[in-house]
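Colleague: The structure file work25.txt (compact mmCIF, C-alpha atoms and all ligand atoms) is provided below.
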```txt
# COMPACT_ATOMS: atom_id res chain seq x y z
CA MET A 1 -97.17 130.56 75.12
CA THR A 2 -100.22 128.57 76.22
CA ALA A 3 -100.01 124.86 75.41
CA PRO A 4 -102.83 123.47 73.21
CA PRO A 5 -105.60 121.57 74.99
CA VAL A 6 -104.69 117.91 75.41
CA THR A 7 -108.06 116.38 76.26
CA GLY A 8 -111.50 116.49 74.75
CA GLY A 9 -113.17 115.27 77.94
CA ARG A 10 -114.26 116.91 81.16
CA THR A 11 -112.06 116.82 84.24
CA VAL A 12 -112.89 117.45 87.89
CA LEU A 13 -110.21 118.49 90.35
CA LEU A 14 -110.92 117.67 94.01
CA THR A 15 -108.82 119.99 96.14
CA GLY A 16 -108.06 121.94 99.29
CA GLY A 17 -106.85 125.56 99.31
CA LEU A 18 -103.11 125.72 98.70
CA GLY A 19 -103.02 122.65 96.42
CA GLY A 20 -105.91 124.09 94.39
CA ALA A 21 -104.25 127.50 94.21
CA HIS A 22 -101.12 125.75 92.90
CA LEU A 23 -102.74 123.50 90.29
CA ALA A 24 -106.18 124.84 89.28
CA PRO A 25 -105.15 127.91 87.18
CA ALA A 26 -102.45 125.98 85.27
CA LEU A 27 -104.61 122.86 84.83
CA ALA A 28 -107.48 124.95 83.44
CA ARG A 29 -105.07 126.38 80.85
CA ALA A 30 -103.55 122.99 80.02
CA LEU A 31 -106.96 121.34 79.51
CA GLY A 32 -108.45 124.18 77.50
CA PRO A 33 -111.62 126.28 77.89
CA GLY A 34 -114.66 124.75 79.58
CA ARG A 35 -112.98 121.45 80.49
CA LEU A 36 -112.33 121.82 84.24
CA THR A 37 -114.52 121.96 87.34
CA VAL A 38 -112.84 122.47 90.70
CA VAL A 39 -114.59 120.87 93.69
CA VAL A 40 -113.27 122.45 96.88
CA ASN A 41 -113.08 121.12 100.44
CA VAL A 42 -115.34 122.82 103.01
CA GLY A 43 -114.18 120.81 106.04
CA ASP A 44 -111.87 123.71 107.08
CA ASP A 45 -114.75 126.24 107.15
CA LEU A 46 -115.59 128.04 110.36
CA ASP A 47 -117.85 130.68 111.86
CA TRP A 48 -115.87 133.73 112.92
CA HIS A 49 -117.62 136.61 114.71
CA GLY A 50 -120.88 135.46 113.11
CA LEU A 51 -119.41 135.32 109.60
CA ARG A 52 -119.01 132.22 107.44
CA VAL A 53 -115.34 131.80 106.47
CA CYS A 54 -114.44 129.27 103.77
CA PRO A 55 -110.61 129.29 103.64
CA ASP A 56 -110.09 126.72 100.88
CA LEU A 57 -112.76 128.15 98.56
CA ASP A 58 -111.38 131.66 99.05
CA THR A 59 -107.76 130.57 98.51
CA VAL A 60 -108.74 128.90 95.20
CA LEU A 61 -110.84 131.88 94.04
CA TYR A 62 -108.19 134.43 95.06
CA SER A 63 -105.62 132.38 93.13
CA LEU A 64 -107.80 132.12 90.00
CA SER A 65 -108.47 135.88 90.09
CA GLY A 66 -104.79 136.74 90.68
CA ARG A 67 -105.41 138.18 94.16
CA LEU A 68 -103.89 135.48 96.40
CA ASP A 69 -101.06 136.45 98.73
CA ALA A 70 -98.88 133.65 97.34
CA GLU A 71 -96.15 134.04 99.95
CA ARG A 72 -98.55 133.69 102.89
CA GLY A 73 -100.58 131.03 101.04
CA TRP A 74 -103.95 132.46 102.11
CA GLY A 75 -105.80 135.78 102.05
CA VAL A 76 -105.50 138.71 99.67
CA VAL A 77 -102.31 140.34 98.42
CA ASP A 78 -101.51 143.83 99.86
CA GLU A 79 -103.73 142.99 102.83
CA THR A 80 -104.11 145.14 105.96
CA PHE A 81 -105.23 143.93 109.40
CA VAL A 82 -106.85 147.03 110.96
CA VAL A 83 -110.01 145.17 112.03
CA ARG A 84 -107.95 142.39 113.66
CA SER A 85 -106.04 145.01 115.70
CA ALA A 86 -109.30 146.72 116.66
CA LEU A 87 -110.78 143.37 117.77
CA GLN A 88 -107.65 142.69 119.81
CA ALA A 89 -107.98 146.12 121.44
CA LEU A 90 -111.50 145.07 122.46
CA GLY A 91 -110.05 142.01 124.16
CA GLU A 92 -111.06 139.50 121.46
CA PRO A 93 -108.70 136.58 120.71
CA ALA A 94 -106.70 137.22 117.55
CA TRP A 95 -105.42 133.73 116.71
CA PHE A 96 -107.35 133.66 113.42
CA GLY A 97 -106.03 136.50 111.25
CA VAL A 98 -108.79 137.76 108.98
CA GLY A 99 -107.55 140.68 106.87
CA ASP A 100 -109.61 143.76 105.97
CA ARG A 101 -109.99 142.96 102.25
CA ASP A 102 -110.67 139.29 103.01
CA LEU A 103 -113.32 140.41 105.51
CA ALA A 104 -115.36 141.89 102.64
CA THR A 105 -115.64 138.39 101.12
CA HIS A 106 -116.93 136.94 104.41
CA LEU A 107 -119.46 139.78 104.83
CA VAL A 108 -120.89 139.31 101.32
CA ARG A 109 -120.93 135.50 101.59
CA THR A 110 -122.68 135.56 104.97
CA GLU A 111 -125.26 138.08 103.75
CA LEU A 112 -126.06 135.95 100.67
CA LEU A 113 -126.28 132.76 102.76
CA ARG A 114 -128.63 134.50 105.21
CA ALA A 115 -130.76 135.63 102.26
CA GLY A 116 -131.33 131.93 101.54
CA HIS A 117 -128.82 131.19 98.76
CA THR A 118 -126.89 127.91 98.81
CA LEU A 119 -123.11 127.96 99.19
CA THR A 120 -122.87 126.72 95.58
CA GLU A 121 -124.84 129.80 94.44
CA VAL A 122 -122.79 132.10 96.67
CA VAL A 123 -119.49 130.75 95.31
CA ALA A 124 -120.79 131.25 91.76
CA ALA A 125 -121.70 134.84 92.65
CA LEU A 126 -118.32 135.55 94.26
CA ALA A 127 -116.53 133.97 91.29
CA GLY A 128 -118.59 136.10 88.90
CA ARG A 129 -117.81 139.29 90.82
CA ALA A 130 -114.09 138.39 90.60
CA TRP A 131 -114.43 137.67 86.83
CA VAL A 132 -113.66 133.97 87.30
CA SER A 133 -115.87 132.04 84.89
CA ASP A 134 -113.55 129.19 83.89
CA PRO A 135 -112.82 126.85 85.58
CA LEU A 136 -116.10 126.39 87.36
CA VAL A 137 -115.55 126.39 91.14
CA VAL A 138 -118.03 124.55 93.38
CA PRO A 139 -118.02 123.70 97.09
CA ALA A 140 -117.95 120.01 98.00
CA ALA A 141 -120.99 120.50 100.27
CA ASP A 142 -123.68 123.12 100.68
CA ILE A 143 -124.21 122.59 104.38
CA PRO A 144 -121.49 123.05 107.01
CA CYS A 145 -119.45 119.82 107.36
CA PRO A 146 -116.61 120.87 109.68
CA THR A 147 -113.70 118.54 110.34
CA HIS A 148 -112.88 117.94 114.00
CA ILE A 149 -109.53 116.91 115.39
CA GLU A 150 -109.02 114.50 118.25
CA LEU A 151 -105.73 115.40 119.93
CA ALA A 152 -103.37 112.73 121.25
CA ASP A 153 -104.32 113.70 124.83
CA GLY A 154 -108.00 112.96 124.07
CA ARG A 155 -109.22 116.58 123.72
CA ARG A 156 -111.44 117.35 120.70
CA THR A 157 -111.08 120.60 118.79
CA GLY A 158 -112.05 122.30 115.53
CA PHE A 159 -109.74 122.03 112.52
CA GLN A 160 -108.74 125.71 112.43
CA GLU A 161 -108.23 125.80 116.22
CA TRP A 162 -105.66 123.02 115.71
CA TYR A 163 -104.19 124.17 112.38
CA VAL A 164 -103.89 127.90 113.11
CA GLY A 165 -104.44 128.20 116.86
CA MET A 166 -101.97 125.41 117.73
CA GLY A 167 -99.82 125.81 114.61
CA ALA A 168 -100.53 122.15 113.69
CA ALA A 169 -97.79 121.35 116.22
CA VAL A 170 -99.88 119.40 118.75
CA PRO A 171 -99.98 115.61 118.17
CA VAL A 172 -103.21 114.20 116.76
CA ARG A 173 -104.93 110.88 117.45
CA ALA A 174 -107.46 111.16 114.62
CA ALA A 175 -109.11 113.54 112.17
CA GLU A 176 -112.88 113.27 112.10
CA PRO A 177 -114.36 114.40 108.78
CA ALA A 178 -118.03 115.32 109.09
CA SER A 179 -120.51 113.19 107.21
CA GLY A 180 -123.19 114.96 105.21
CA PRO A 181 -124.59 115.27 101.72
CA ALA A 182 -122.23 116.35 98.95
CA ALA A 183 -123.44 119.43 97.04
CA GLY A 184 -125.61 118.57 94.04
CA ALA A 185 -123.42 120.56 91.62
CA ALA A 186 -120.27 118.83 92.88
CA LEU A 187 -121.82 115.37 92.45
CA ALA A 188 -123.16 116.29 89.00
CA ALA A 189 -119.73 117.52 87.88
CA VAL A 190 -118.08 114.29 89.04
CA ALA A 191 -120.82 112.20 87.39
CA ALA A 192 -120.16 113.98 84.07
CA ALA A 193 -116.37 113.76 84.33
CA ASP A 194 -114.16 111.55 82.17
CA ALA A 195 -111.35 112.01 84.67
CA VAL A 196 -111.15 113.01 88.33
CA VAL A 197 -107.94 114.43 89.80
CA LEU A 198 -107.20 114.21 93.53
CA GLY A 199 -105.09 117.37 93.83
CA PRO A 200 -101.79 117.91 95.69
CA SER A 201 -103.68 118.66 98.91
CA ASN A 202 -103.86 117.12 102.35
CA PRO A 203 -104.98 113.51 101.71
CA VAL A 204 -106.74 113.37 105.09
CA THR A 205 -108.38 116.74 105.75
CA SER A 206 -108.84 118.02 102.17
CA ILE A 207 -109.25 115.02 99.83
CA GLY A 208 -110.41 112.59 102.55
CA THR A 209 -113.08 115.03 103.77
CA ILE A 210 -114.47 115.49 100.24
CA LEU A 211 -114.54 111.72 99.62
CA ALA A 212 -116.25 111.21 103.02
CA LEU A 213 -119.33 113.15 101.86
CA ASP A 214 -122.37 111.03 101.03
CA GLY A 215 -122.16 109.67 97.48
CA MET A 216 -118.83 111.29 96.59
CA ALA A 217 -116.41 108.31 96.71
CA GLU A 218 -118.95 106.24 94.76
CA ALA A 219 -119.32 108.97 92.12
CA VAL A 220 -115.54 109.32 91.78
CA ALA A 221 -115.20 105.52 91.45
CA ARG A 222 -117.51 105.63 88.42
CA ALA A 223 -115.26 108.11 86.53
CA GLY A 224 -113.29 106.66 83.63
CA LEU A 225 -109.98 107.56 85.23
CA VAL A 226 -108.79 108.78 88.63
CA VAL A 227 -105.42 110.53 88.88
CA ALA A 228 -103.96 111.44 92.29
CA VAL A 229 -101.14 113.96 92.77
CA SER A 230 -98.74 113.62 95.69
CA PRO A 231 -98.63 116.76 97.86
CA SER A 232 -95.52 115.28 99.46
CA VAL A 233 -92.23 116.06 97.72
CA GLY A 234 -88.93 114.74 99.01
CA GLY A 235 -85.58 116.49 98.85
CA VAL A 236 -85.80 120.21 99.58
CA PRO A 237 -87.32 121.00 103.03
CA PRO A 238 -90.41 123.25 102.60
CA THR A 239 -90.56 126.80 103.99
CA GLY A 240 -93.33 129.30 104.92
CA ALA A 241 -96.95 128.34 104.23
CA VAL A 242 -95.89 125.10 102.54
CA ALA A 243 -93.94 124.10 105.69
CA HIS A 244 -97.06 124.74 107.84
CA HIS A 245 -99.12 122.55 105.47
CA ALA A 246 -96.40 119.87 105.47
CA ARG A 247 -96.34 119.81 109.31
CA ALA A 248 -100.13 119.32 109.38
CA ARG A 249 -99.97 116.63 106.68
CA ARG A 250 -97.19 114.75 108.50
CA GLU A 251 -99.17 114.82 111.75
CA LEU A 252 -102.46 113.73 110.15
CA LEU A 253 -100.88 110.97 108.05
CA ALA A 254 -99.04 109.70 111.14
CA ALA A 255 -102.37 109.56 112.99
CA SER A 256 -103.64 107.22 110.22
CA GLY A 257 -100.45 105.12 110.39
CA ASP A 258 -98.97 106.46 107.15
CA GLU A 259 -95.75 108.32 106.49
CA ASP A 260 -95.48 111.71 104.83
CA SER A 261 -93.90 110.69 101.53
CA ALA A 262 -95.23 110.11 98.02
CA ALA A 263 -95.33 106.35 98.76
CA GLY A 264 -97.05 107.04 102.09
CA VAL A 265 -99.76 109.11 100.39
CA ALA A 266 -100.28 106.44 97.70
CA GLY A 267 -100.50 103.81 100.45
CA HIS A 268 -103.02 105.97 102.34
CA TYR A 269 -105.30 106.23 99.29
CA ALA A 270 -104.89 102.51 98.52
CA ARG A 271 -105.90 101.54 102.08
CA CYS A 272 -108.73 104.08 102.60
CA PHE A 273 -110.17 103.90 99.06
CA PRO A 274 -109.12 100.52 97.59
CA GLY A 275 -108.99 100.43 93.79
CA LEU A 276 -110.02 104.09 93.43
CA VAL A 277 -106.82 105.64 92.03
CA ASP A 278 -105.49 104.56 88.61
CA THR A 279 -102.53 106.91 88.16
CA PHE A 280 -100.35 108.46 90.87
CA VAL A 281 -98.28 111.53 90.00
CA LEU A 282 -95.18 112.03 92.14
CA ASP A 283 -92.24 114.38 91.96
CA ALA A 284 -89.21 113.38 89.88
CA ALA A 285 -87.12 113.81 93.05
CA ASP A 286 -89.06 110.82 94.47
CA ALA A 287 -88.42 108.53 91.48
CA SER A 288 -86.93 105.95 93.86
CA LEU A 289 -90.43 105.54 95.41
CA ALA A 290 -92.13 104.70 92.09
CA ALA A 291 -91.83 100.92 92.64
CA GLU A 292 -93.50 101.26 96.06
CA VAL A 293 -96.31 103.27 94.43
CA ALA A 294 -96.68 100.63 91.68
CA ALA A 295 -96.97 97.94 94.39
CA THR A 296 -100.22 99.62 95.54
CA GLY A 297 -101.70 98.92 92.08
CA MET A 298 -101.43 102.52 90.86
CA ARG A 299 -99.45 103.56 87.79
CA PRO A 300 -96.68 105.93 88.90
CA VAL A 301 -96.03 108.98 86.70
CA LEU A 302 -93.17 111.40 87.40
CA ALA A 303 -93.63 115.18 87.19
CA ARG A 304 -92.16 118.42 88.49
CA VAL A 305 -94.83 118.74 91.19
CA LEU A 306 -93.56 122.10 92.47
CA ASP A 307 -93.79 123.72 89.01
CA PRO A 308 -97.51 124.43 88.39
CA ARG A 309 -97.30 124.52 84.59
CA GLY A 310 -95.14 121.41 84.29
CA LEU A 311 -97.37 119.56 86.77
CA ALA A 312 -100.52 120.67 84.95
CA ARG A 313 -99.19 119.43 81.60
CA THR A 314 -98.38 116.01 83.12
CA VAL A 315 -101.76 115.76 84.87
CA ALA A 316 -103.65 116.85 81.72
CA ALA A 317 -101.77 114.26 79.67
CA ALA A 318 -102.43 111.56 82.31
CA CYS A 319 -106.15 112.46 82.22
CA SER A 320 -106.39 112.04 78.47
CA GLU A 321 -104.05 109.22 77.62
CA ASN A 322 -105.28 106.00 79.17
CA CYS A 323 -109.03 106.16 79.80
CA PRO A 324 -109.57 102.88 77.89
CA THR A 325 -107.06 100.94 80.01
CA ALA A 326 -108.59 102.42 83.16
CA ARG A 327 -112.11 101.28 82.38
CA PRO A 328 -111.56 97.62 83.33
CA ARG A 329 -110.63 98.92 86.78
CA ARG A 330 -114.30 99.72 87.30
CA ALA A 331 -114.67 96.06 88.26
CA VAL A 332 -112.23 96.66 91.12
CA ARG A 333 -114.18 99.73 92.17
CA ARG A 334 -117.38 97.72 92.64
CA ARG A 335 -116.06 97.25 96.17
CA LEU A 336 -116.70 100.98 96.62
CA THR A 337 -119.84 101.38 94.56
CA GLY A 338 -121.59 98.24 95.77
N1 LIG B 401 -103.71 130.43 108.22
C1 LIG B 401 -102.84 130.70 109.23
O1 LIG B 401 -101.83 130.02 109.35
N2 LIG B 401 -103.09 131.74 110.11
C2 LIG B 401 -104.19 132.52 110.02
O2 LIG B 401 -104.38 133.43 110.84
C3 LIG B 401 -105.12 132.25 108.94
C4 LIG B 401 -106.24 133.03 108.74
C5 LIG B 401 -107.06 132.81 107.63
C6 LIG B 401 -108.16 133.64 107.35
C7 LIG B 401 -108.93 133.43 106.24
C8 LIG B 401 -108.63 132.36 105.38
O3 LIG B 401 -109.38 132.17 104.28
C9 LIG B 401 -107.57 131.52 105.63
C10 LIG B 401 -106.76 131.73 106.75
N3 LIG B 401 -105.66 130.92 107.02
C11 LIG B 401 -104.81 131.18 108.05
C12 LIG B 401 -105.38 129.76 106.17
C13 LIG B 401 -106.18 128.50 106.56
O4 LIG B 401 -106.28 128.30 107.92
C14 LIG B 401 -105.47 127.26 106.00
O5 LIG B 401 -104.70 127.52 104.90
C15 LIG B 401 -106.39 126.17 105.53
O6 LIG B 401 -107.58 126.03 106.18
C16 LIG B 401 -105.63 124.84 105.48
O7 LIG B 401 -105.78 124.42 104.18
```
What's the structure tokens form of this structure?
Modeller:
Amino acid sequence: MTAPPVTGGRTVLLTGGLGGAHLAPALARALGPGRLTVVVNVGDDLDWHGLRVCPDLDTVLYSLSGRLDAERGWGVVDETFVVRSALQALGEPAWFGVGDRDLATHLVRTELLRAGHTLTEVVAALAGRAWVSDPLVVPAADIPCPTHIELADGRRTGFQEWYVGMGAAVPVRAAEPASGPAAGAALAAVAAADAVVLGPSNPVTSIGTILALDGMAEAVARAGLVVAVSPSVGGVPPTGAVAHHARARRELLAASGDEDSAAGVAGHYARCFPGLVDTFVLDAADASLAAEVAATGMRPVLARVLDPRGLARTVAAACSENCPTARPRRAVRRRLTG
């Protein structure tokens, strides 16, 4: 049975692909109709054979429309790869595996972009065609803002070349999020939000890239409450797509001098965005790290992070319960807002 809505306010979820696929559908249900806007990272986007591919946006939309290949963590369920094989037969590199059904999304998106529509409009159209009307899904930026990766040996490469092409297994010196204007709809949603959630996504190349966009960190700092969710869960070693994400997160956090743990992620946010996060949700298996999280100035809240519905209920409750106590923290955030 669906739980009753627990907040009367509006919430914005900032997210990457897998973290958004995990939390967005359940959080939309937990908050109730019309309460959630999902702002999705575009730093992972790439041009592939002339087509615009937006992995995180597609992963979130496929998840919300029940089409995500959950085991793989990206692309469409029951996918085929005939075009990839044909490209390989023509001597084209096949490191980036676009499936045949997924290809249709990239064809339509690219056609609409070339016709002059913004990415925000294109995402709205794709969501509409997939019957996703709630939550609202918007890209963090309308113009391409690709993240670059500086490898430990000094070479510079695109995010997907490192993440997929090198399996996120090559050491990194730094991630370089692109600067650029945040999309108007994304900024407007954050400005109207009572609470902003930093989802269980990569803190560097998903959340960090969104907050690096012009005006975004300042807009988030003005929200009544900011809740961050740890993507890092101790105990059981991850497998499959989650293990690939965890490898990338470990490498990118290490490049910023932080460890891949709930306390490491809290410390990363505290150092990169001082005073921004009020409440930090971490897995119950990491309860022993709660004191370290509290030492950063954030209020630790325990949840079952790997269970989408349980996590969503905890996040929804955290978004509604202590807005008044969070408001004095706006003084702290003046460091960010100027
Ligand atoms: N991830 C992979 O590990 N291998 C792939 O070949 C791959 C192809 C791909 C195509 C379309 C798409 O939307 C996503 C795709 N992903 C692939 C996932 C993507 O690289 C990552 O999940 C994110 O960018 C990291 O959040």
Colleague: Kindly work out which residues sit at most 10 Å from ligand LIG 401 (chain B), using all atoms listed in the file, and give the list as a ChimeraX atom specification.
Modeller: /A:15-20,41-46,48,53-60,62,72-76,94-99,102-103,105-106,159-168,201-202,205-206,240-242,244-245,248
Colleague: Using only C-alpha atoms, tabulate the residues of range 182-214 of chain A lying at most 12 Å from any atom of range 263-281 of chain A, each with its closest atom pair and that distance in Å to one decimal, by chain and increasing residue number, as a Markdown table.
Modeller:
```
| residue | atom | partner | partner_atom | distance |
| --- | --- | --- | --- | --- |
| A:Ala195 | CA | A:Asp278 | CA | 10.3 |
| A:Val196 | CA | A:Val277 | CA | 9.3 |
| A:Val197 | CA | A:Val277 | CA | 9.1 |
| A:Leu198 | CA | A:Val277 | CA | 8.7 |
| A:Gly199 | CA | A:Val281 | CA | 9.8 |
| A:Pro200 | CA | A:Val281 | CA | 9.2 |
| A:Ser201 | CA | A:Val265 | CA | 10.4 |
| A:Asn202 | CA | A:Val265 | CA | 9.2 |
| A:Pro203 | CA | A:Val265 | CA | 7.0 |
| A:Val204 | CA | A:His268 | CA | 8.7 |
| A:Ile207 | CA | A:Tyr269 | CA | 9.7 |
| A:Gly208 | CA | A:Cys272 | CA | 8.7 |
| A:Thr209 | CA | A:Cys272 | CA | 11.8 |
| A:Leu211 | CA | A:Phe273 | CA | 9.0 |
| A:Ala212 | CA | A:Phe273 | CA | 10.3 |
```
Colleague: Between A:Ala317, A:Leu225, A:Leu282, A:Leu36, which residue has the minimum interatomic distance to Pro135 in chain A, considering only C-alpha atoms?
Modeller: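 Of A:Ala317, A:Leu225, A:Leu282, A:Leu36, the one nearest Pro135 in chain A is A:Leu36, counting only C-alpha atoms.
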Colleague: Counting only C-alpha atoms, which residues in range 174-209 of chain A sit no more than 7 Å from range 139-151 of chain A? For each one, give the nearest pair of atoms and the distance in Å, sorted by chain then residue number, as a Markdown table.
Modeller:
```
| residue | atom | partner | partner_atom | distance |
| --- | --- | --- | --- | --- |
| A:Ala174 | CA | A:Glu150 | CA | 5.2 |
| A:Ala175 | CA | A:Ile149 | CA | 4.7 |
| A:Glu176 | CA | A:His148 | CA | 5.0 |
| A:Pro177 | CA | A:Thr147 | CA | 4.5 |
| A:Ala178 | CA | A:Cys145 | CA | 5.0 |
| A:Ser179 | CA | A:Cys145 | CA | 6.7 |
| A:Gly180 | CA | A:Cys145 | CA | 6.5 |
| A:Pro181 | CA | A:Ala141 | CA | 6.5 |
| A:Ala182 | CA | A:Ala141 | CA | 4.5 |
| A:Ala183 | CA | A:Ala141 | CA | 4.2 |
| A:Ala186 | CA | A:Ala140 | CA | 5.7 |
```
Colleague: To one decimal place, how far is CA of Ile210 in chain A from CA of Ala192 in chain A in Å?
Modeller: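 About the pair CA of Ile210 in chain A and CA of Ala192 in chain A: they are 17.2 Å apart.
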Colleague: Ranking A:Ala127, A:Ala228, A:Ala152, A:Ala246 by minimum distance to Cys319 in chain A and counting all atoms listed in the file, which one comes first?
Modeller: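 Result for the nearest residue to Cys319 in chain A: A:Ala228.
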Colleague: CA of Arg35 in chain A to CA of Asp214 in chain A: how many Å, to one decimal?
Modeller: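 Separation of CA of Arg35 in chain A and CA of Asp214 in chain A: 24.9 Å.
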Colleague: Please identify every residue of range 12-62 of chain A that has at least one atom no farther than 12 Å from an atom of range 285-308 of chain A, counting only C-alpha atoms, and for each give the shortest atom pair and the distance in Å to one decimal, arranged by chain then increasing number, as a Markdown table.
Modeller:
```
| residue | atom | partner | partner_atom | distance |
| --- | --- | --- | --- | --- |
| A:Leu18 | CA | A:Pro308 | CA | 11.8 |
| A:Gly19 | CA | A:Pro308 | CA | 9.9 |
| A:Gly20 | CA | A:Pro308 | CA | 10.3 |
| A:Ala21 | CA | A:Pro308 | CA | 9.4 |
| A:His22 | CA | A:Pro308 | CA | 5.9 |
| A:Leu23 | CA | A:Pro308 | CA | 5.6 |
| A:Ala24 | CA | A:Pro308 | CA | 8.7 |
| A:Pro25 | CA | A:Pro308 | CA | 8.5 |
| A:Ala26 | CA | A:Pro308 | CA | 6.0 |
| A:Leu27 | CA | A:Pro308 | CA | 8.1 |
| A:Ala28 | CA | A:Pro308 | CA | 11.1 |
| A:Arg29 | CA | A:Pro308 | CA | 10.9 |
| A:Ala30 | CA | A:Pro308 | CA | 10.4 |
```
Colleague: I need the residues from that last selection saved to file as a compact mmCIF listing (two decimals), keeping the file's coordinate frame (with C-alpha atoms), if you can.
Modeller:
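Below you can see out.txt, which holds the result:
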```txt
# COMPACT_ATOMS: atom_id res chain seq x y z
CA LEU A 18 -103.11 125.72 98.70
CA GLY A 19 -103.02 122.65 96.42
CA GLY A 20 -105.91 124.09 94.39
CA ALA A 21 -104.25 127.50 94.21
CA HIS A 22 -101.12 125.75 92.90
CA LEU A 23 -102.74 123.50 90.29
CA ALA A 24 -106.18 124.84 89.28
CA PRO A 25 -105.15 127.91 87.18
CA ALA A 26 -102.45 125.98 85.27
CA LEU A 27 -104.61 122.86 84.83
CA ALA A 28 -107.48 124.95 83.44
CA ARG A 29 -105.07 126.38 80.85
CA ALA A 30 -103.55 122.99 80.02
```
Colleague: Report the distance between CA of Leu136 in chain A and CA of Gly50 in chain A in Å, rounded to one decimal place.
Modeller: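 CA of Leu136 in chain A sits 27.7 Å away from CA of Gly50 in chain A.
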Colleague: Under the rule that all atoms listed in the file are counted, which of A:Pro93, A:Gly310, A:Gly9, A:Pro171 is the nearest residue to Arg156 in chain A?
Modeller: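 Answer, going by the shortest atom-to-atom distance: A:Pro171.
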Colleague: Would you mind telling me which residue in A:Ala115, A:Ala193, A:Ala262, A:Gly235 lies nearest to Leu13 in chain A when using all atoms listed in the file?
Modeller: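 Between A:Ala115, A:Ala193, A:Ala262, A:Gly235, the residue approaching Leu13 in chain A most closely is A:Ala193.
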Colleague: For Leu311 in chain A, which residue out of A:Val229, A:Ala254, A:Ala189, A:Ala169 is the nearest one, using all atoms listed in the file?
Modeller: A:Val229
Colleague: Which of these residues is nearest to Asp260 in chain A, using all atoms listed in the file: A:Val233, A:Ala243, A:Pro33, A:Leu68?
Modeller: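 Ranked by minimum distance to Asp260 in chain A, first place goes to A:Val233.
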Colleague: Would you be able to write out as a PyMOL selection string which residues have an atom within 8 Å of (-114.4, 106.5, 93.7) in the file's coordinates, counting all atoms listed in the file?
Modeller: chain A and resi 211+216-223+226+273+276-277+333+336-337
